[in-house]
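So the structure is just underneath, and the comments pick up after that.
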Amino acid sequence: MSAMNHDTIGMKSDLNRLPSASLADVNAMKQSGAKLPLVSGLVTPPAIKSVLQYLYALLLILSTALPGISTRMIVMVSSLTTFYYTKLIKPRTWWKNISCAAVMSLSPLTSAFAVCELCLPSLGLDHFPRGKMSELFMFTASLFCALIGREMIMDILDCESDTIAGIKTVPVAYGKKVAALSVSGFWTIAAMLNSVHLFTKRPSLW
């Protein structure tokens with residue numbers, strides 16, 4: 001659903017943000033996706049928006065059946081983040097990378113909360129082992145740093161096309177060198193967080 005929403009909004013916004021691009025650049029971008037249903041006109045944006053409305057409504061309804069308040073809140077916030085991503089979050093430098101990494105890195109935490117609620121319904125998260133909970137949060141933080149670095153690598157690879165489309169990613173706004181240094185920093189933090197078990201004598205969740 002997130003990908004469909006991104007393609008629907010992005011197809012118009014990316015082409016509308018091309019005042020500095022030549023006609024050849026615009027035609028090349030269109031031809032590169034000529035075989036795609038949305039770009040070729042086989043599927044219209046209104047049709048996709050209609051389907052997305054029902055899918056997101058169904059997702060929010062089904063999320064109420066998930067065990068635990070924490071699990072439901074994470075799923076609902078993540079769903080709304082993907083819904084508003086292209087229009088509100090993607091144009092903002094850094095927030096694009098942060099939101100993508102956060103949605104993906106919260107998956108193990110969400111699963112742990114759900115399992116805890118199912119296995120210990122009368123006890124809840126308060127009786128989740130403190131040591132395991134701290135390891136879980138550390139694992140989520142390391143995963144977040146690793147993923148935000150991965151997202152920035154993708155931005156570096158797409159730097160030229162993002163510049164033409166006017167998308168202010170980190171490499172576009174600050175240069176590829178700054179983006180590469182940021183990736184190194186995030187991946188170093190991820191490695192350090194996941195190496196804590198070597199000094200605490202606890203097993204790694206990886």
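Note on naming: chains are A, B, ... as they come in the structure tokens, residues start from 1 per chain, ligands start from 1 in the order shown.
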
List as a PyMOL selection string the protein and nucleic acid residues near stretch 149-163 of chain A, meaning an atom at most 10 Å away when only C-alpha atoms are counted, but skip any in the same chain fewer than 4 places from it. chain A and resi 14+17-18+20-21+25+29+94+96-98+100-101+143-145+167-173+175-177+179-188+190

Any chance you could export the current selection's N, CA and C atoms as a compact mmCIF listing (two decimals), in the first residue's frame?
```
# COMPACT_ATOMS: atom_id res chain seq x y z
N ASP A 14 6.72 14.60 -8.85
CA ASP A 14 8.07 14.58 -9.42
C ASP A 14 8.13 15.28 -10.76
N ARG A 17 7.85 19.11 -10.34
CA ARG A 17 9.03 19.78 -9.78
C ARG A 17 10.20 19.73 -10.73
N LEU A 18 9.95 19.94 -12.02
CA LEU A 18 11.01 19.87 -13.01
C LEU A 18 11.20 21.16 -13.79
N SER A 20 13.73 23.11 -13.88
CA SER A 20 15.08 23.26 -14.39
C SER A 20 15.49 22.13 -15.33
N ALA A 21 14.62 21.14 -15.50
CA ALA A 21 14.96 20.01 -16.36
C ALA A 21 14.58 20.29 -17.80
N ASP A 25 15.04 15.45 -20.61
CA ASP A 25 15.08 14.80 -19.31
C ASP A 25 13.70 14.28 -18.92
N MET A 29 12.54 10.35 -18.40
CA MET A 29 11.95 9.84 -17.17
C MET A 29 10.65 9.11 -17.46
N TRP A 94 16.26 14.66 5.92
CA TRP A 94 16.49 13.82 7.10
C TRP A 94 15.23 13.08 7.54
N LYS A 96 12.77 12.01 5.86
CA LYS A 96 12.52 10.91 4.93
C LYS A 96 13.22 9.64 5.40
N ASN A 97 14.52 9.75 5.71
CA ASN A 97 15.31 8.61 6.14
C ASN A 97 14.89 8.12 7.52
N ILE A 98 14.61 9.07 8.40
CA ILE A 98 14.23 8.71 9.78
C ILE A 98 12.93 7.93 9.79
N CYS A 100 11.42 6.14 7.36
CA CYS A 100 11.55 4.81 6.74
C CYS A 100 12.25 3.84 7.69
N ALA A 101 13.35 4.29 8.28
CA ALA A 101 14.10 3.43 9.20
C ALA A 101 13.29 3.10 10.44
N LEU A 143 19.21 -1.62 14.77
CA LEU A 143 18.54 -1.85 13.49
C LEU A 143 18.14 -0.53 12.85
N PHE A 144 17.69 0.42 13.67
CA PHE A 144 17.31 1.74 13.17
C PHE A 144 18.52 2.44 12.54
N CYS A 145 19.66 2.41 13.22
CA CYS A 145 20.86 3.06 12.70
C CYS A 145 21.33 2.40 11.41
N ILE A 167 14.03 16.91 -5.13
CA ILE A 167 13.84 16.26 -3.84
C ILE A 167 15.08 16.52 -2.99
N LYS A 168 14.91 17.19 -1.85
CA LYS A 168 16.03 17.62 -1.02
C LYS A 168 16.48 16.51 -0.07
N THR A 169 17.09 15.48 -0.62
CA THR A 169 17.68 14.44 0.23
C THR A 169 18.99 14.94 0.81
N VAL A 170 19.59 14.17 1.70
CA VAL A 170 20.84 14.60 2.34
C VAL A 170 21.97 14.80 1.33
N PRO A 171 22.21 13.86 0.39
CA PRO A 171 23.27 14.09 -0.60
C PRO A 171 22.98 15.25 -1.53
N VAL A 172 21.71 15.53 -1.80
CA VAL A 172 21.36 16.67 -2.66
C VAL A 172 21.57 17.98 -1.91
N ALA A 173 21.17 18.02 -0.65
CA ALA A 173 21.25 19.25 0.13
C ALA A 173 22.66 19.54 0.65
N GLY A 175 25.60 17.32 -0.10
CA GLY A 175 26.66 16.70 -0.87
C GLY A 175 26.84 15.22 -0.52
N LYS A 176 27.41 14.48 -1.48
CA LYS A 176 27.58 13.04 -1.29
C LYS A 176 28.58 12.72 -0.19
N LYS A 177 29.58 13.58 0.00
CA LYS A 177 30.60 13.33 1.02
C LYS A 177 29.99 13.36 2.42
N ALA A 179 26.86 12.86 3.13
CA ALA A 179 25.97 11.71 3.23
C ALA A 179 26.75 10.43 3.53
N ALA A 180 27.89 10.26 2.86
CA ALA A 180 28.71 9.07 3.08
C ALA A 180 29.27 9.04 4.50
N LEU A 181 29.68 10.20 5.01
CA LEU A 181 30.17 10.27 6.39
C LEU A 181 29.05 9.96 7.38
N SER A 182 27.84 10.41 7.06
CA SER A 182 26.69 10.12 7.92
C SER A 182 26.41 8.63 7.96
N VAL A 183 26.50 7.99 6.79
CA VAL A 183 26.30 6.53 6.71
C VAL A 183 27.32 5.81 7.59
N SER A 184 28.57 6.23 7.48
CA SER A 184 29.63 5.62 8.30
C SER A 184 29.34 5.79 9.78
N GLY A 185 28.86 6.98 10.15
CA GLY A 185 28.54 7.24 11.55
C GLY A 185 27.40 6.37 12.07
N PHE A 186 26.33 6.28 11.29
CA PHE A 186 25.18 5.48 11.71
C PHE A 186 25.54 4.00 11.79
N TRP A 187 26.31 3.51 10.81
CA TRP A 187 26.69 2.10 10.83
C TRP A 187 27.67 1.79 11.96
N THR A 188 28.51 2.75 12.31
CA THR A 188 29.41 2.56 13.45
C THR A 188 28.62 2.45 14.74
N ALA A 190 25.50 1.48 14.98
CA ALA A 190 24.79 0.20 14.93
C ALA A 190 25.69 -0.95 15.36
```

Please identify all polymer residues within 12 Å of A:Met73, counting only C-alpha atoms, omitting same-chain residues fewer than 3 positions from it, and present them as a ChimeraX atom specification. /A:60,63-70,76-80,106,110,113-114

All heavy atoms of the current selection, written as a short mmCIF file (atom, residue, chain, number, x, y, z; two decimals), in the first residue's frame:
```
data_model
loop_
_atom_site.label_atom_id
_atom_site.label_comp_id
_atom_site.auth_asym_id
_atom_site.auth_seq_id
_atom_site.Cartn_x
_atom_site.Cartn_y
_atom_site.Cartn_z
N LEU A 60 -6.54 -0.24 9.32
CA LEU A 60 -6.79 0.38 10.62
C LEU A 60 -7.84 -0.39 11.42
O LEU A 60 -7.74 -0.50 12.65
CB LEU A 60 -7.23 1.84 10.42
CG LEU A 60 -6.17 2.78 9.85
CD1 LEU A 60 -6.74 4.16 9.62
CD2 LEU A 60 -4.96 2.85 10.78
N SER A 63 -6.20 -3.57 12.70
CA SER A 63 -5.21 -3.31 13.74
C SER A 63 -5.82 -3.32 15.14
O SER A 63 -5.12 -3.54 16.13
CB SER A 63 -4.50 -1.98 13.48
OG SER A 63 -5.41 -0.89 13.61
N THR A 64 -7.13 -3.08 15.22
CA THR A 64 -7.80 -3.10 16.53
C THR A 64 -7.86 -4.51 17.11
O THR A 64 -8.10 -4.68 18.30
CB THR A 64 -9.22 -2.53 16.42
OG1 THR A 64 -9.98 -3.33 15.48
CG2 THR A 64 -9.19 -1.10 15.91
N ALA A 65 -7.66 -5.52 16.26
CA ALA A 65 -7.69 -6.91 16.73
C ALA A 65 -6.34 -7.37 17.24
O ALA A 65 -6.23 -8.49 17.78
CB ALA A 65 -8.16 -7.83 15.59
N LEU A 66 -5.30 -6.54 17.09
CA LEU A 66 -3.97 -6.92 17.57
C LEU A 66 -3.92 -6.92 19.09
O LEU A 66 -4.59 -6.11 19.74
CB LEU A 66 -2.92 -5.96 17.01
CG LEU A 66 -2.72 -5.98 15.49
CD1 LEU A 66 -1.80 -4.86 15.07
CD2 LEU A 66 -2.17 -7.33 15.04
N PRO A 67 -3.13 -7.81 19.68
CA PRO A 67 -3.06 -7.88 21.14
C PRO A 67 -2.23 -6.75 21.74
O PRO A 67 -1.10 -6.51 21.31
CB PRO A 67 -2.38 -9.25 21.39
CG PRO A 67 -1.55 -9.47 20.16
CD PRO A 67 -2.32 -8.86 19.02
N GLY A 68 -2.79 -6.06 22.69
CA GLY A 68 -2.03 -5.04 23.42
C GLY A 68 -2.14 -3.65 22.83
O GLY A 68 -2.17 -3.47 21.61
N ILE A 69 -2.19 -2.66 23.71
CA ILE A 69 -2.29 -1.26 23.28
C ILE A 69 -1.01 -0.82 22.56
O ILE A 69 -1.06 -0.14 21.55
CB ILE A 69 -2.56 -0.35 24.49
CG1 ILE A 69 -3.91 -0.69 25.13
CG2 ILE A 69 -2.53 1.12 24.07
CD1 ILE A 69 -4.21 0.10 26.38
N SER A 70 0.13 -1.22 23.09
CA SER A 70 1.41 -0.82 22.49
C SER A 70 1.53 -1.34 21.06
O SER A 70 1.97 -0.61 20.16
CB SER A 70 2.58 -1.36 23.32
OG SER A 70 2.53 -0.87 24.64
N MET A 76 -0.64 1.44 14.03
CA MET A 76 -1.44 2.55 13.52
C MET A 76 -0.56 3.75 13.15
O MET A 76 -0.75 4.37 12.10
CB MET A 76 -2.49 2.95 14.56
CG MET A 76 -3.57 1.89 14.78
SD MET A 76 -4.84 2.39 15.96
CE MET A 76 -5.70 3.66 15.03
N VAL A 77 0.41 4.07 14.01
CA VAL A 77 1.31 5.20 13.72
C VAL A 77 2.16 4.90 12.48
O VAL A 77 2.36 5.78 11.62
CB VAL A 77 2.21 5.51 14.93
CG1 VAL A 77 3.29 6.52 14.57
CG2 VAL A 77 1.37 6.03 16.09
N SER A 78 2.64 3.66 12.36
CA SER A 78 3.43 3.28 11.19
C SER A 78 2.60 3.35 9.92
O SER A 78 3.09 3.79 8.86
CB SER A 78 3.99 1.86 11.38
OG SER A 78 4.86 1.80 12.49
N SER A 79 1.34 2.93 10.01
CA SER A 79 0.46 2.97 8.84
C SER A 79 0.20 4.41 8.40
O SER A 79 0.25 4.72 7.20
CB SER A 79 -0.88 2.28 9.17
OG SER A 79 -0.68 0.94 9.55
N LEU A 80 -0.05 5.29 9.35
CA LEU A 80 -0.27 6.70 9.02
C LEU A 80 1.01 7.34 8.46
O LEU A 80 0.94 8.22 7.59
CB LEU A 80 -0.76 7.46 10.25
CG LEU A 80 -2.16 7.09 10.75
CD1 LEU A 80 -2.48 7.80 12.05
CD2 LEU A 80 -3.22 7.43 9.70
N LEU A 106 10.97 -0.94 13.93
CA LEU A 106 10.01 -1.21 15.01
C LEU A 106 9.36 -2.58 14.89
O LEU A 106 8.63 -2.99 15.80
CB LEU A 106 8.94 -0.12 15.04
CG LEU A 106 9.35 1.23 15.63
CD1 LEU A 106 8.25 2.26 15.45
CD2 LEU A 106 9.70 1.09 17.12
N THR A 110 7.48 -4.56 17.91
CA THR A 110 6.04 -4.79 17.82
C THR A 110 5.71 -6.27 18.01
O THR A 110 4.76 -6.62 18.72
CB THR A 110 5.51 -4.33 16.45
OG1 THR A 110 5.93 -2.99 16.21
CG2 THR A 110 4.00 -4.40 16.39
N PHE A 113 6.07 -7.21 21.70
CA PHE A 113 4.94 -6.73 22.49
C PHE A 113 3.72 -7.63 22.28
O PHE A 113 3.00 -7.96 23.24
CB PHE A 113 4.60 -5.30 22.11
CG PHE A 113 5.56 -4.27 22.64
CD1 PHE A 113 5.53 -2.97 22.18
CD2 PHE A 113 6.50 -4.61 23.60
CE1 PHE A 113 6.41 -2.01 22.66
CE2 PHE A 113 7.39 -3.67 24.09
CZ PHE A 113 7.34 -2.37 23.63
N ALA A 114 3.49 -8.03 21.03
CA ALA A 114 2.34 -8.88 20.72
C ALA A 114 2.46 -10.24 21.38
O ALA A 114 1.50 -10.76 21.96
CB ALA A 114 2.19 -9.03 19.21
#
```

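Between atom CA of A:Glu117 and atom CA of A:Val196 the interatomic distance comes to 27.6 Å.
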
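Between atom CA of A:Leu193 and atom CA of A:Leu147 lies a distance of 13.7 Å.
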
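What separates atom CA of A:Val75 from atom CA of A:Val103 is a distance of 8.9 Å.
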
The residue from A:Ile61, A:Ile148, A:Ile89, A:Ala102 with the smallest atom-to-atom distance to A:Ile189, counting only C-alpha atoms, is A:Ile148

| request: Any chance you could list, as a PyMOL selection string, the residues in stretch 49-193 of chain A that come up alpha helix (DSSP H) when DSSP is run on the backbone? | output: chain A and resi 49-63+69-84+95-105+107-119+130-157+159-165+170-174+176-193
